[in-house]
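A.B. asks: Dropping in entry-v8.txt, which is compact mmCIF, C-alpha atoms and all ligand atoms:
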```txt
# COMPACT_ATOMS: atom_id res chain seq x y z
CA MET A 1 -21.22 -21.11 4.06
CA THR A 2 -18.07 -21.79 2.02
CA THR A 3 -15.09 -19.75 3.11
CA VAL A 4 -12.00 -19.03 1.09
CA GLU A 5 -8.65 -19.65 2.70
CA ASN A 6 -7.75 -15.97 2.77
CA GLY A 7 -9.52 -12.63 3.07
CA ALA A 8 -13.17 -12.08 2.26
CA GLU A 9 -15.92 -14.57 1.48
CA PRO A 10 -16.18 -15.54 -2.20
CA ARG A 11 -18.12 -12.84 -4.11
CA GLU A 12 -18.33 -10.69 -0.94
CA LEU A 13 -17.10 -7.74 -3.00
CA LYS A 14 -19.25 -8.39 -6.07
CA GLY A 15 -20.19 -5.11 -7.73
CA LYS A 16 -17.27 -3.23 -6.15
CA ARG A 17 -14.68 -1.50 -8.35
CA ALA A 18 -11.12 -1.40 -7.04
CA LEU A 19 -7.87 0.33 -7.96
CA VAL A 20 -4.58 -1.09 -6.63
CA THR A 21 -1.41 0.94 -7.19
CA GLY A 22 1.72 -1.18 -7.57
CA GLY A 23 -0.57 -4.11 -8.39
CA SER A 24 1.85 -5.91 -10.68
CA ARG A 25 3.94 -7.79 -8.11
CA GLY A 26 4.56 -8.38 -4.40
CA ILE A 27 1.92 -7.25 -1.92
CA GLY A 28 -0.06 -5.36 -4.57
CA ALA A 29 -0.43 -8.42 -6.80
CA ALA A 30 -1.66 -10.48 -3.83
CA VAL A 31 -4.22 -7.77 -3.03
CA VAL A 32 -5.38 -7.79 -6.67
CA ARG A 33 -5.79 -11.59 -6.64
CA GLN A 34 -7.76 -11.58 -3.40
CA LEU A 35 -10.01 -8.72 -4.55
CA LEU A 36 -10.74 -10.68 -7.75
CA ASP A 37 -11.46 -13.84 -5.73
CA ALA A 38 -13.92 -11.85 -3.64
CA GLY A 39 -15.77 -10.74 -6.78
CA ALA A 40 -14.49 -7.17 -7.27
CA GLU A 41 -13.65 -5.64 -10.63
CA VAL A 42 -10.00 -4.59 -10.40
CA LEU A 43 -7.68 -2.17 -12.17
CA ALA A 44 -4.00 -2.52 -11.28
CA THR A 45 -1.26 -0.05 -12.10
CA ALA A 46 2.55 0.08 -12.19
CA ARG A 47 5.17 1.99 -14.18
CA SER A 48 6.41 -0.89 -16.31
CA THR A 49 5.15 -4.08 -17.89
CA THR A 50 8.09 -6.13 -16.56
CA TYR A 51 5.47 -7.73 -14.35
CA THR A 52 1.80 -7.43 -15.33
CA ALA A 53 -1.34 -7.63 -13.26
CA PRO A 54 -2.71 -11.01 -12.20
CA GLU A 55 -5.08 -12.60 -14.72
CA GLY A 56 -8.58 -11.18 -14.54
CA ALA A 57 -7.52 -7.64 -13.64
CA ALA A 58 -7.28 -4.70 -16.00
CA PHE A 59 -3.81 -3.12 -16.10
CA VAL A 60 -2.56 0.33 -16.99
CA THR A 61 0.95 1.80 -16.78
CA ALA A 62 1.39 5.13 -14.99
CA ASP A 63 4.13 6.78 -12.95
CA ILE A 64 2.27 8.07 -9.91
CA ARG A 65 5.21 10.17 -8.70
CA THR A 66 4.05 12.95 -11.02
CA GLN A 67 0.87 15.00 -11.26
CA ALA A 68 0.58 14.10 -14.98
CA GLY A 69 0.94 10.36 -14.25
CA THR A 70 -1.66 10.54 -11.49
CA GLU A 71 -4.11 12.42 -13.70
CA ALA A 72 -3.60 9.87 -16.51
CA LEU A 73 -4.35 7.11 -14.01
CA ALA A 74 -7.51 8.83 -12.77
CA THR A 75 -8.68 9.14 -16.40
CA ALA A 76 -7.97 5.43 -16.94
CA VAL A 77 -10.00 4.64 -13.82
CA GLN A 78 -13.00 6.54 -15.18
CA GLU A 79 -12.68 4.90 -18.60
CA THR A 80 -12.15 1.36 -17.28
CA LEU A 81 -14.21 1.20 -14.11
CA GLY A 82 -16.35 4.38 -14.19
CA GLY A 83 -15.20 5.23 -10.64
CA VAL A 84 -13.83 3.39 -7.62
CA ASP A 85 -15.32 1.95 -4.44
CA ILE A 86 -12.02 0.56 -3.13
CA LEU A 87 -8.70 2.37 -3.45
CA VAL A 88 -5.52 0.63 -2.25
CA HIS A 89 -2.44 2.88 -2.20
CA ASN A 90 0.20 0.19 -2.23
CA ALA A 91 3.01 1.40 -4.54
CA GLY A 92 5.93 2.44 -2.37
CA GLY A 93 9.45 1.75 -1.24
CA ALA A 94 12.81 3.49 -1.02
CA ARG A 95 16.54 2.97 -1.43
CA ALA A 96 18.56 2.89 1.77
CA ASN A 97 21.11 5.70 1.77
CA ALA A 98 24.42 4.03 0.94
CA GLY A 99 26.33 6.00 3.59
CA GLY A 100 23.89 4.90 6.30
CA SER A 101 23.37 8.54 7.28
CA ALA A 102 20.15 10.57 7.39
CA MET A 103 22.18 13.73 6.70
CA THR A 104 23.61 12.61 3.36
CA ILE A 105 20.47 11.32 1.69
CA PRO A 106 20.54 13.03 -1.73
CA ALA A 107 17.87 15.67 -2.32
CA GLU A 108 16.50 13.75 -5.30
CA ASP A 109 16.05 10.62 -3.16
CA TRP A 110 14.09 12.67 -0.60
CA GLN A 111 11.89 14.08 -3.36
CA ASP A 112 11.39 10.73 -5.06
CA THR A 113 10.53 8.97 -1.81
CA LEU A 114 8.06 11.63 -0.67
CA GLU A 115 6.42 11.64 -4.11
CA LEU A 116 5.96 7.86 -4.23
CA ASN A 117 5.11 7.09 -0.60
CA LEU A 118 3.09 10.17 0.37
CA LEU A 119 2.21 12.66 -2.37
CA ALA A 120 1.00 10.07 -4.90
CA ALA A 121 -1.73 9.03 -2.45
CA VAL A 122 -2.60 12.66 -1.68
CA ARG A 123 -2.96 13.48 -5.38
CA LEU A 124 -4.86 10.33 -6.28
CA ASN A 125 -7.29 10.73 -3.39
CA SER A 126 -7.95 14.33 -4.44
CA LEU A 127 -8.98 13.04 -7.84
CA LEU A 128 -10.91 9.90 -6.82
CA ALA A 129 -12.24 10.37 -3.28
CA PRO A 130 -14.77 13.08 -4.27
CA GLY A 131 -16.63 10.39 -6.26
CA MET A 132 -16.76 8.18 -3.16
CA ARG A 133 -18.00 11.10 -1.08
CA GLU A 134 -20.78 11.80 -3.59
CA ARG A 135 -21.84 8.15 -3.63
CA GLY A 136 -21.74 8.02 0.17
CA SER A 137 -19.48 4.98 0.43
CA GLY A 138 -15.95 3.79 -0.21
CA ALA A 139 -12.86 2.30 1.41
CA ILE A 140 -9.34 3.69 1.12
CA ILE A 141 -6.25 1.82 2.32
CA HIS A 142 -2.83 3.41 2.74
CA ILE A 143 0.02 0.89 2.86
CA SER A 144 2.60 2.24 5.31
CA THR A 145 5.27 0.21 7.12
CA ALA A 146 5.38 -1.45 10.52
CA ALA A 147 9.05 -0.42 10.80
CA LEU A 148 8.35 3.21 11.55
CA LEU A 149 9.36 3.74 15.16
CA PRO A 150 12.86 2.22 15.49
CA PRO A 151 15.01 5.00 14.00
CA VAL A 152 16.96 3.94 10.90
CA PRO A 153 19.05 6.86 9.58
CA ALA A 154 19.56 5.30 6.13
CA PHE A 155 15.78 5.17 5.72
CA ALA A 156 14.95 8.58 7.25
CA HIS A 157 13.27 9.71 4.01
CA TYR A 158 11.15 6.54 3.82
CA GLN A 159 10.19 6.63 7.51
CA ALA A 160 9.30 10.33 7.25
CA ALA A 161 7.18 9.73 4.15
CA LYS A 162 5.29 6.82 5.72
CA ALA A 163 4.80 8.72 9.00
CA GLY A 164 3.34 11.56 6.93
CA LEU A 165 1.12 9.08 5.11
CA GLU A 166 -0.28 7.77 8.41
CA SER A 167 -1.01 11.29 9.73
CA TYR A 168 -2.65 12.26 6.47
CA SER A 169 -4.65 9.01 6.51
CA ARG A 170 -6.17 9.90 9.90
CA ALA A 171 -7.02 13.43 8.78
CA LEU A 172 -8.67 12.22 5.59
CA ALA A 173 -10.61 9.62 7.60
CA ALA A 174 -12.02 12.36 9.85
CA GLU A 175 -13.07 14.44 6.84
CA LEU A 176 -14.71 11.59 4.93
CA ALA A 177 -16.35 9.66 7.80
CA PRO A 178 -19.58 11.74 7.72
CA PHE A 179 -19.94 10.70 4.07
CA GLY A 180 -19.58 6.96 4.71
CA VAL A 181 -16.06 6.71 3.28
CA ARG A 182 -13.61 4.77 5.48
CA VAL A 183 -9.85 5.38 5.43
CA ASN A 184 -7.33 3.12 7.18
CA ALA A 185 -3.58 2.52 7.15
CA LEU A 186 -1.82 -0.86 7.35
CA GLY A 187 1.85 -1.43 8.10
CA PRO A 188 3.47 -4.56 6.66
CA GLY A 189 6.45 -6.02 8.45
CA ARG A 190 9.21 -7.81 6.58
CA THR A 191 7.40 -9.40 3.64
CA ALA A 192 8.90 -11.58 0.92
CA THR A 193 8.40 -9.53 -2.25
CA PRO A 194 10.73 -8.56 -5.13
CA GLY A 195 11.08 -5.00 -3.78
CA GLY A 196 11.46 -6.08 -0.14
CA GLU A 197 14.12 -8.68 -0.94
CA GLU A 198 16.12 -6.28 -3.10
CA THR A 199 16.06 -3.58 -0.42
CA ARG A 200 17.12 -6.00 2.31
CA SER A 201 19.93 -7.61 0.30
CA ARG A 202 21.37 -4.16 -0.50
CA TRP A 203 21.00 -3.22 3.17
CA ALA A 204 22.73 -6.44 4.29
CA SER A 205 25.69 -5.89 1.97
CA ASP A 206 26.06 -2.25 3.13
CA ASN A 207 25.80 -3.22 6.80
CA ALA A 208 27.57 -6.58 6.90
CA GLU A 209 29.04 -5.82 10.33
CA SER A 210 25.60 -5.56 11.99
CA GLY A 211 24.98 -9.29 11.43
CA ALA A 212 21.95 -11.24 10.24
CA ILE A 213 18.51 -9.69 10.64
CA ALA A 214 16.46 -11.63 13.23
CA ARG A 215 13.20 -13.31 12.26
CA PRO A 216 9.90 -11.77 13.43
CA PRO A 217 8.53 -13.33 16.67
CA LEU A 218 6.08 -15.52 14.73
CA GLY A 219 9.11 -17.24 13.22
CA ARG A 220 8.89 -16.42 9.55
CA ASP A 221 8.85 -13.49 7.15
CA GLY A 222 5.50 -12.28 5.90
CA ARG A 223 3.96 -13.50 2.69
CA PRO A 224 2.17 -11.09 0.36
CA ASP A 225 -1.10 -12.88 1.16
CA ASP A 226 -0.63 -12.10 4.88
CA ILE A 227 -0.90 -8.41 4.06
CA ALA A 228 -3.63 -8.93 1.46
CA ASN A 229 -5.74 -10.78 4.07
CA ALA A 230 -5.73 -7.66 6.24
CA VAL A 231 -6.48 -5.38 3.28
CA LEU A 232 -9.47 -7.55 2.34
CA PHE A 233 -10.82 -7.37 5.86
CA PHE A 234 -10.48 -3.58 6.02
CA VAL A 235 -12.21 -2.97 2.66
CA SER A 236 -15.05 -5.39 3.41
CA ASP A 237 -18.23 -4.63 5.33
CA ARG A 238 -16.81 -6.59 8.28
CA ALA A 239 -14.75 -3.46 8.98
CA SER A 240 -17.74 -1.14 8.54
CA TRP A 241 -17.10 0.53 11.91
CA LEU A 242 -13.36 1.01 11.44
CA THR A 243 -11.91 4.23 10.12
CA GLY A 244 -8.87 6.38 10.93
CA THR A 245 -6.98 3.36 12.26
CA TYR A 246 -3.46 2.09 11.79
CA PHE A 247 -2.86 -1.68 11.98
CA SER A 248 0.46 -3.59 11.89
CA VAL A 249 0.71 -6.87 9.98
CA ASP A 250 4.21 -7.91 10.95
CA GLY A 251 4.40 -11.23 12.80
CA GLY A 252 4.69 -9.34 16.09
CA GLU A 253 7.94 -7.57 15.22
CA TYR A 254 7.06 -3.93 15.95
CA PRO A 255 4.28 -3.72 18.53
CA ARG A 256 2.54 -0.36 18.34
CA ASN A 257 -1.20 -0.89 17.79
N1 LIG A 301 7.99 -5.95 1.34
C1 LIG A 301 8.22 -5.47 2.56
O1 LIG A 301 8.98 -6.06 3.35
C2 LIG A 301 7.51 -4.22 3.02
C3 LIG A 301 7.65 -3.84 4.37
C4 LIG A 301 7.02 -2.69 4.82
C5 LIG A 301 6.23 -1.93 3.94
N2 LIG A 301 6.12 -2.32 2.63
C6 LIG A 301 5.29 -1.48 1.74
O2 LIG A 301 4.38 -2.30 1.03
C7 LIG A 301 4.14 -1.75 -0.27
C8 LIG A 301 4.39 -2.79 -1.34
O3 LIG A 301 5.73 -3.25 -1.20
P1 LIG A 301 6.31 -4.49 -2.05
O4 LIG A 301 7.45 -5.00 -1.26
O5 LIG A 301 5.22 -5.39 -2.50
O6 LIG A 301 6.91 -3.66 -3.32
P2 LIG A 301 7.56 -4.16 -4.69
O7 LIG A 301 7.75 -5.62 -4.74
O8 LIG A 301 8.74 -3.27 -4.92
O9 LIG A 301 6.42 -3.72 -5.74
C9 LIG A 301 6.14 -2.35 -5.89
C10 LIG A 301 5.03 -2.15 -6.90
O10 LIG A 301 4.82 -0.73 -7.06
C11 LIG A 301 5.04 -0.37 -8.44
N3 LIG A 301 5.62 0.98 -8.48
C12 LIG A 301 6.82 1.37 -7.98
N4 LIG A 301 7.03 2.66 -8.24
C13 LIG A 301 5.92 3.11 -8.89
C14 LIG A 301 5.54 4.37 -9.43
N5 LIG A 301 6.34 5.43 -9.36
N6 LIG A 301 4.32 4.48 -10.05
C15 LIG A 301 3.52 3.39 -10.15
N7 LIG A 301 3.82 2.19 -9.66
C16 LIG A 301 5.02 2.04 -9.04
C17 LIG A 301 5.97 -1.48 -8.97
O11 LIG A 301 5.95 -1.65 -10.36
P3 LIG A 301 6.98 -0.84 -11.33
O12 LIG A 301 8.34 -0.96 -10.74
O13 LIG A 301 6.82 -1.48 -12.68
O14 LIG A 301 6.47 0.57 -11.33
C18 LIG A 301 5.36 -2.69 -8.27
O15 LIG A 301 4.16 -3.08 -8.91
C19 LIG A 301 5.05 -0.50 -0.37
O16 LIG A 301 4.30 0.65 -0.06
C20 LIG A 301 6.11 -0.75 0.69
O17 LIG A 301 6.65 0.47 1.19
C21 LIG A 301 6.73 -3.44 2.15
```
Go ahead and express the file in the form of structure tokens.

C.D. replies:
Amino acid sequence: MTTVENGAEPRELKGKRALVTGGSRGIGAAVVRQLLDAGAEVLATARSTTYTAPEGAAFVTADIRTQAGTEALATAVQETLGGVDILVHNAGGARANAGGSAMTIPAEDWQDTLELNLLAAVRLNSLLAPGMRERGSGAIIHISTAALLPPVPAFAHYQAAKAGLESYSRALAAELAPFGVRVNALGPGRTATPGGEETRSRWASDNAESGAIARPPLGRDGRPDDIANAVLFFVSDRASWLTGTYFSVDGGEYPRN
């Protein structure tokens, strides 16, 4: 059997319909490419067209921080794909609080971060998971972060949102398991993406006195395909007995599996 370098076997996901939020760049774009390589039909979404989806994927703009944006996206899913079998909640991120304090994070940054990293997935699942439940199959992935346990005051809003996402992911997994729908969370470590690099360079300039950030134990930063490899495994039938799990993909930096 021919194997591809990354992720699933070629055409392993033929006939599957996938939605990837934040699929225009970084980790999301790598997930889109690997899903396409594995034979899935893919719709990617982002707010802007600064970056567009990888060739071969359909693309729609939507701001998933709002109920209206999420509903527009769900409508686009029905019109483009007719439903989803694979749902990858990847859009996320946050700005470090400039003062480095958890107590001074502006209220709008809290709201924005919770909307993007937690509530967008809650709303989108409410609209799209019932279809999976009716069909008796489906795979949902929540992209969290491996950097959840070491406390970082400047990222308290982001860590709280991702912690909430992981708890919610487990609860949803328990509810949907009897219907054959699997729900898992993955936590990337430091991964070279436009968003990741921007966040870290701002962090480094705000915290120059804390010195250079050490490399993960495996000696390099992650590549978007490192995370996409894990996503492809979890949405494929090879993970057919895995649900309600959290898995770190971080070069060994934050052991907590
Ligand atoms: N890179 C890392 O080191 C790292 C580490 C841990 C966890 N993660 C997590 O991994 C995921 C992907 O990160 P990344 O580094 O690949 O991010 P990225 O390079 O910043 O890309 C984010 C993607 O999400 C889209 N997006 C952002 N806000 C959106 C919104 N409101 N509605 C719809 N789409 C939106 C962006 O497009 P637009 O801007 O055009 O909307 C873009 O396609 C995130 O959940 C992040 O928290 C990343």

A.B. asks: Which residue is closest to A:Thr80? Choose from A:Asp112, A:Asp63, A:Glu41, A:Glu9 and count all atoms listed in the file.

C.D. replies: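 Once distances to A:Thr80 are computed over all atoms listed in the file, the minimum belongs to A:Glu41.
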
A.B. asks: Pull the closest atom pair for each residue of chain A that gets at most 6 Å from ligand LIG 301 (chain A), along with the distance in Å to one decimal, counting only C-alpha atoms and all ligand atoms, ordering rows by chain and then ascending residue number, as CSV.

C.D. replies:
```
residue,atom,partner,partner_atom,distance
A:Thr21,CA,A:LIG301,N7,5.9
A:Gly22,CA,A:LIG301,O10,3.2
A:Gly23,CA,A:LIG301,O15,4.9
A:Ser24,CA,A:LIG301,O15,4.1
A:Arg25,CA,A:LIG301,O15,4.8
A:Gly26,CA,A:LIG301,O5,3.6
A:Ile27,CA,A:LIG301,O5,3.8
A:Gly28,CA,A:LIG301,O5,5.7
A:Ala46,CA,A:LIG301,N7,3.5
A:Arg47,CA,A:LIG301,O14,3.4
A:Ser48,CA,A:LIG301,O13,3.7
A:Ala62,CA,A:LIG301,C15,5.6
A:Asp63,CA,A:LIG301,N6,3.7
A:Ile64,CA,A:LIG301,N6,4.1
A:Arg65,CA,A:LIG301,N5,4.9
A:Asn90,CA,A:LIG301,O16,4.7
A:Ala91,CA,A:LIG301,O10,3.8
A:Gly92,CA,A:LIG301,O16,3.3
A:Gly93,CA,A:LIG301,O17,3.9
A:Leu116,CA,A:LIG301,N5,5.7
A:Ile143,CA,A:LIG301,O16,5.2
A:Ser144,CA,A:LIG301,C5,5.7
A:Thr145,CA,A:LIG301,C5,4.0
A:Pro188,CA,A:LIG301,C4,4.4
A:Gly189,CA,A:LIG301,C3,4.8
A:Arg190,CA,A:LIG301,O1,3.7
A:Thr191,CA,A:LIG301,O1,3.7
A:Ala192,CA,A:LIG301,N1,5.7
A:Thr193,CA,A:LIG301,O7,4.7
A:Pro194,CA,A:LIG301,O7,4.2
A:Gly195,CA,A:LIG301,O8,3.1
A:Gly196,CA,A:LIG301,N1,3.8
```

A.B. asks: Write out as a PyMOL selection string each polymer residue whose atoms come within 8 Å of A:Arg11, counting all atoms listed in the file; drop sequence neighbours fewer than 3 positions from it.

C.D. replies: chain A and resi 14+37-40

A.B. asks: Rank A:Gln159, A:Ser137, A:Asn125, A:Asn207 by their smallest atom-to-atom distance to A:Asp237, using only C-alpha atoms, and report the top residue only.

C.D. replies: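 Among the listed residues, A:Ser137 lies closest to A:Asp237.
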
A.B. asks: Mind pulling up the distance from atom CA of A:Leu118 to atom CA of A:Leu43?

C.D. replies: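 Straight-line distance from atom CA of A:Leu43 to atom CA of A:Leu118 works out to 20.6 Å.
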
A.B. asks: So that I can check the surroundings of A:Ala30, please list as a ChimeraX atom specification every protein, DNA and RNA residue that reaches within 6 Å of it, counting only C-alpha atoms and ignoring chain neighbours fewer than 2 positions away.

C.D. replies: /A:27-28,32-33,224-225,228

A.B. asks: Nearest to A:Leu13 among A:Thr45, A:Asn229, A:Thr104, A:Gln34, with distances taken over all atoms listed in the file: which residue is it?

C.D. replies: A:Gln34

A.B. asks: Which residues of stretch 70-160 of chain A come within 10 Å of stretch 174-180 of chain A, and for each one, what is the closest pair of atoms and their distance in Å to one decimal, counting only C-alpha atoms, sorted by chain and residue number, as CSV?

C.D. replies:
```
residue,atom,partner,partner_atom,distance
A:Ala129,CA,A:Leu176,CA,8.7
A:Pro130,CA,A:Leu176,CA,9.3
A:Met132,CA,A:Phe179,CA,8.3
A:Arg133,CA,A:Phe179,CA,5.5
A:Glu134,CA,A:Phe179,CA,7.8
A:Arg135,CA,A:Phe179,CA,8.3
A:Gly136,CA,A:Phe179,CA,5.1
A:Ser137,CA,A:Gly180,CA,4.7
A:Gly138,CA,A:Gly180,CA,6.9
A:Ala139,CA,A:Gly180,CA,8.8
```

A.B. asks: Please, what distance in Å, to one decimal, runs between atom CA of A:Trp203 and atom CA of A:Asn117?

C.D. replies: 19.3 Å

A.B. asks: If you measure from atom CA of A:Leu73 to atom CA of A:Gly131, what distance in Å do you get, rounded to one decimal?

C.D. replies: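 A separation of 14.9 Å between them.
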
A.B. asks: Nearest residue to A:Gly99 out of A:Ala154, A:Val42, A:Leu124, A:Ala147, using all atoms listed in the file?

C.D. replies: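 Nearest to A:Gly99: A:Ala154.
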
A.B. asks: Just checking: using all atoms listed in the file, which residue out of A:Ala156, A:Leu127, A:Met103, A:Thr199 ends up closest to A:Ala76?

C.D. replies: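 Looking only at the distances to A:Ala76, the closest residue turns out to be A:Leu127.
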
A.B. asks: A:Asn97, A:Ser169, A:Ser248, A:Asn184: which is nearest A:Pro153, counting only C-alpha atoms?

C.D. replies: A:Asn97
